[in-house]
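Shown next: entry.cif, containing mmCIF, C-alpha atoms.
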```
data_start
#
loop_
_atom_site.label_atom_id
_atom_site.label_comp_id
_atom_site.auth_asym_id
_atom_site.auth_seq_id
_atom_site.Cartn_x
_atom_site.Cartn_y
_atom_site.Cartn_z
CA GLU E 1 -0.53 31.02 9.61
CA VAL E 2 -3.24 28.38 9.46
CA VAL E 3 -6.47 29.63 7.94
CA ALA E 4 -9.62 27.67 8.77
CA VAL E 5 -11.83 26.67 5.86
CA LYS E 6 -15.45 27.63 6.45
CA GLY E 7 -17.92 24.77 6.23
CA TRP E 8 -15.24 22.07 5.96
CA ASP E 9 -15.83 18.81 7.80
CA ARG E 10 -12.55 16.90 8.01
CA SER E 11 -14.40 13.58 8.21
CA ALA E 12 -16.29 14.25 4.95
CA GLU E 13 -15.73 11.79 2.12
CA ALA E 14 -14.85 13.07 -1.36
CA PRO E 15 -18.28 12.32 -2.90
CA THR E 16 -19.95 14.67 -0.39
CA CYS E 17 -17.93 17.61 -1.73
CA ASP E 18 -20.12 17.82 -4.86
CA ARG E 19 -17.11 17.87 -7.17
CA ALA E 20 -16.22 15.51 -9.98
CA PHE E 21 -13.15 13.37 -9.38
CA VAL E 22 -10.49 14.12 -11.98
CA MET E 23 -7.98 11.31 -12.45
CA PRO E 24 -4.50 12.63 -11.61
CA SER E 25 -3.04 9.44 -13.12
CA PRO E 26 -4.25 6.51 -15.23
CA ASN E 27 -3.49 4.39 -12.17
CA MET E 28 -5.77 6.44 -9.93
CA PRO E 29 -9.22 5.95 -11.46
CA ASP E 30 -11.33 7.18 -8.53
CA TYR E 31 -11.27 8.65 -5.07
CA LEU E 32 -11.09 5.20 -3.44
CA THR E 33 -7.71 4.70 -5.10
CA ALA E 34 -6.63 8.16 -3.98
CA ARG E 35 -7.60 7.19 -0.45
CA VAL E 36 -5.19 4.23 -0.32
CA TYR E 37 -2.41 5.70 -2.47
CA PRO E 38 -0.38 7.40 0.32
CA GLY E 39 0.36 3.90 1.62
CA GLY E 40 -0.14 1.96 -1.60
CA CYS E 41 2.76 3.77 -3.23
CA LEU E 42 5.08 1.94 -0.78
CA LEU E 43 4.45 -1.18 -2.88
CA GLU E 44 6.53 0.43 -5.62
CA GLY E 45 9.53 -0.23 -3.40
CA THR E 46 8.93 -4.00 -3.52
CA ASN E 47 8.29 -6.82 -5.98
CA LEU E 48 4.64 -7.02 -4.91
CA SER E 49 2.09 -6.13 -7.57
CA GLU E 50 0.33 -2.92 -6.69
CA GLY E 51 -2.55 -3.92 -8.93
CA ARG E 52 -1.48 -1.93 -11.96
CA GLY E 53 -3.00 -3.61 -14.97
CA THR E 54 -6.25 -4.28 -13.07
CA THR E 55 -9.35 -2.19 -12.49
CA ARG E 56 -8.35 -1.61 -8.84
CA PRO E 57 -4.75 -0.34 -8.77
CA PHE E 58 -3.28 0.11 -5.28
CA GLU E 59 -6.33 -1.57 -3.73
CA LEU E 60 -5.31 -5.00 -5.06
CA VAL E 61 -1.96 -6.25 -3.79
CA GLY E 62 -0.30 -9.57 -4.46
CA ALA E 63 2.25 -11.85 -6.08
CA PRO E 64 2.25 -15.32 -7.63
CA TRP E 65 3.85 -16.76 -4.49
CA LEU E 66 1.49 -15.17 -1.95
CA ASP E 67 -1.30 -16.95 -0.10
CA GLY E 68 -4.10 -14.36 0.00
CA GLU E 69 -6.02 -16.10 2.77
CA ARG E 70 -2.96 -16.12 5.00
CA LEU E 71 -2.03 -12.53 4.12
CA ALA E 72 -5.54 -11.32 4.96
CA LYS E 73 -5.50 -13.21 8.26
CA ASP E 74 -2.02 -11.97 9.21
CA LEU E 75 -2.78 -8.36 8.31
CA ASP E 76 -6.14 -8.43 10.08
CA ALA E 77 -4.37 -9.70 13.22
CA VAL E 78 -2.25 -6.51 13.28
CA GLY E 79 -5.44 -4.73 14.37
CA LEU E 80 -5.30 -1.58 12.28
CA PRO E 81 -8.52 0.43 11.90
CA GLY E 82 -10.75 1.43 9.02
CA PHE E 83 -10.36 -1.37 6.51
CA THR E 84 -10.89 -5.06 5.87
CA PRO E 85 -8.25 -7.13 4.04
CA ARG E 86 -10.17 -9.40 1.67
CA PRO E 87 -8.33 -12.40 0.16
CA VAL E 88 -8.35 -12.37 -3.65
CA SER E 89 -6.79 -13.83 -6.75
CA PHE E 90 -6.11 -11.54 -9.68
CA ARG E 91 -4.13 -11.39 -12.90
CA PRO E 92 -2.57 -8.04 -13.80
CA MET E 93 -2.60 -7.35 -17.53
CA PHE E 94 0.77 -5.56 -17.34
CA GLN E 95 3.44 -4.28 -14.94
CA LYS E 96 4.65 -6.49 -12.07
CA HIS E 97 3.59 -10.11 -12.58
CA GLY E 98 1.68 -9.17 -15.74
CA GLY E 99 -0.26 -12.15 -17.11
CA LYS E 100 0.39 -14.25 -13.99
CA ASP E 101 -2.13 -15.33 -11.38
CA CYS E 102 -1.46 -13.56 -8.10
CA GLY E 103 -2.68 -14.38 -4.63
CA GLY E 104 -3.18 -11.38 -2.42
CA ILE E 105 -5.69 -9.06 -0.89
CA TYR E 106 -8.10 -6.31 -1.75
CA VAL E 107 -7.76 -3.44 0.73
CA HIS E 108 -11.41 -2.56 1.41
CA VAL E 109 -11.47 0.79 3.21
CA HIS E 110 -14.68 1.43 5.10
CA ASP E 111 -14.13 4.54 7.20
CA THR E 112 -11.93 7.54 7.90
CA THR E 113 -9.97 5.85 10.69
CA PHE E 114 -7.97 4.09 7.94
CA ARG E 115 -4.25 4.90 8.13
CA PRO E 116 -2.80 4.17 4.66
CA VAL E 117 0.94 4.40 5.37
CA ALA E 118 0.84 2.30 8.54
CA THR E 119 -1.52 -0.21 6.89
CA TYR E 120 0.54 -0.74 3.75
CA ALA E 121 3.81 -0.95 5.69
CA ALA E 122 2.22 -3.67 7.83
CA LEU E 123 0.90 -5.36 4.68
CA ILE E 124 4.40 -5.39 3.16
CA ALA E 125 5.86 -6.76 6.40
CA CYS E 126 3.27 -9.56 6.45
CA ALA E 127 3.92 -10.43 2.79
CA ARG E 128 7.68 -10.47 3.39
CA GLN E 129 7.28 -12.75 6.41
CA GLN E 130 5.23 -15.13 4.28
CA ASN E 131 8.13 -15.78 1.90
CA THR E 132 11.49 -14.14 2.56
CA GLU E 133 13.01 -16.16 -0.32
CA LEU E 134 10.83 -14.64 -3.05
CA PHE E 135 10.00 -11.23 -1.58
CA ARG E 136 12.34 -8.45 -2.71
CA PHE E 137 12.85 -4.79 -1.99
CA ARG E 138 13.37 -2.82 -5.17
CA THR E 139 17.05 -1.89 -5.54
CA GLU E 140 17.18 -0.81 -9.19
CA ARG E 141 16.94 2.85 -10.22
CA TYR E 142 13.85 4.56 -8.82
CA GLU E 143 12.88 8.22 -9.06
CA PHE E 144 16.27 9.10 -10.57
CA ARG E 145 18.21 7.44 -7.73
CA ASP E 146 20.15 4.19 -7.77
CA ASP E 147 22.09 4.64 -4.53
CA VAL E 148 19.16 4.13 -2.14
CA PRO E 149 16.57 1.31 -2.05
CA ALA E 150 13.21 2.56 -3.34
CA LEU E 151 11.39 1.84 -0.07
CA ASP E 152 13.87 4.03 1.80
CA LEU E 153 13.08 6.92 -0.56
CA LEU E 154 9.36 6.37 -0.17
CA CYS E 155 9.56 6.16 3.64
CA GLY E 156 12.01 9.03 4.08
CA GLY E 157 14.76 6.80 5.41
CA PRO E 158 15.81 3.18 6.01
CA TYR E 159 13.91 2.50 9.26
CA VAL E 160 10.94 0.62 7.77
CA ARG E 161 13.03 -1.59 5.47
CA LYS E 162 15.58 -2.36 8.18
CA ALA E 163 12.83 -3.14 10.69
CA MET E 164 11.33 -5.64 8.24
CA GLU E 165 14.72 -7.18 7.48
CA SER E 166 15.43 -7.62 11.19
CA GLY E 167 12.08 -9.37 11.73
CA GLU E 168 10.31 -6.55 13.57
CA SER E 169 6.59 -7.26 13.85
CA ALA E 170 4.14 -5.70 11.41
CA ARG E 171 2.34 -4.19 14.42
CA ALA E 172 5.49 -2.48 15.73
CA ILE E 173 6.25 -1.02 12.29
CA ALA E 174 2.67 0.24 11.94
CA GLU E 175 2.77 1.78 15.42
CA TYR E 176 6.03 3.55 14.61
CA LEU E 177 4.53 4.99 11.43
CA SER E 178 1.35 6.05 13.23
CA LEU E 179 3.38 8.04 15.75
CA VAL E 180 5.85 9.84 13.50
#
```

Full structure transcribed into structure tokens:
Amino acid sequence: EVVAVKGWDRSAEAPTCDRAFVMPSPNMPDYLTARVYPGGCLLEGTNLSEGRGTTRPFELVGAPWLDGERLAKDLDAVGLPGFTPRPVSFRPMFQKHGGKDCGGIYVHVHDTTFRPVATYAALIACARQQNTELFRFRTERYEFRDDVPALDLLCGGPYVRKAMESGESARAIAEYLSLV
């Protein structure tokens, strides 16, 4: 049984709820991070930095071999709503590519039409297309499993990874994820 919540506006942003944000993780410092995390966690299945070791984890995405301008342009061309991909350079203090300059993007969410899972899957597809030689899916042990690639665990199956490996467009992958 679904019970309606009185006075709830589904389009309301967290700050309007008059509640303090409590960090559920050191890598989720505020509600903006929480907003992108459902898609941003997909980065854990790749060798892309998810911005850990910066002040904007999961909003900053990159790698030393990425061209942020190109990634922003390619992702913007996919046409997904609710965000702007802003080209950036950053240097994570630790984790993936710690201490190295990374090209990438800042995922600037600006409204509730943002679809985090579809957006980050498209982002990963665009980054992979930029350099298939250096991009990698994580295959080492993840979440107590070493028999399944991490992205497959995060996506609930191999479709997204296999679509990227076969050269499926970022748009087609995003559309698939928006419909399922």

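Residues in contact with stretch 143-150 of chain E at 10 Å, where all atoms listed in the file are counted and same-chain residues fewer than 5 positions away are skipped, are listed as Leu42, Leu43, Glu44, Gly45, Thr46, Phe137, Arg138, Cys155, Gly156, Gly157, Pro158 and Arg161 of chain E.
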
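Within the file as shown, the PyMOL selection byres ((chain E and resi 134) around 12) identifies Thr46, Asn47, Leu48, Ala63, Pro64, Trp65, Leu66, Ala127, Arg128, Gln129, Gln130, Asn131, Thr132, Glu133, Phe135, Arg136 and Phe137 of chain E.
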
- the PyMOL selection byres ((chain E and resi 74) around 10) resolved against shown file, as an MDAnalysis selection string: chainID E and resid 68:73 75:79 85 122:123 125:127 129:130 170

With 9 Å as the cut-off and all atoms listed in the file counted, what is the closest atom pair between each nearby residue of stretch 55-93 of chain E and stretch 19-31 of chain E? Distances in Å to one decimal, ordered by chain and number, as a Markdown table.
```
| residue | atom | partner | partner_atom | distance |
| --- | --- | --- | --- | --- |
| E:Thr55 | CA | E:Pro29 | CA | 8.2 |
| E:Arg56 | CA | E:Pro29 | CA | 8.0 |
| E:Pro57 | CA | E:Asn27 | CA | 6.0 |
| E:Phe58 | CA | E:Asn27 | CA | 8.1 |
```

- Query: Do you have the atom CA of E:Glu50-atom CA of E:Val109 distance handy?
  - Reply: 15.8 Å

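All protein, DNA and RNA residues at most 8 Å from (-4.2, 5.1, 0.7) are E:Thr33, E:Ala34, E:Arg35, E:Val36, E:Tyr37, E:Pro38, E:Gly39, E:Gly40, E:Phe58, E:Arg115, E:Pro116, E:Val117, using all atoms listed in the file.
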
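You can rank E:Thr84, E:Thr119, E:Thr112, E:Gln95 by their closest distance to E:Gly51 using all atoms listed in the file, and at the top of that list sits E:Gln95.
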
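The gap separating atom CA of E:Ile124 from atom CA of E:Ser89 is 17.2 Å, in Å to one decimal.
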
- Message: Counting all atoms listed in the file, which residue out of E:Gly103, E:Gly53, E:Gly167, E:Gly7 sits closest to E:Phe90?
- Response: E:Gly103
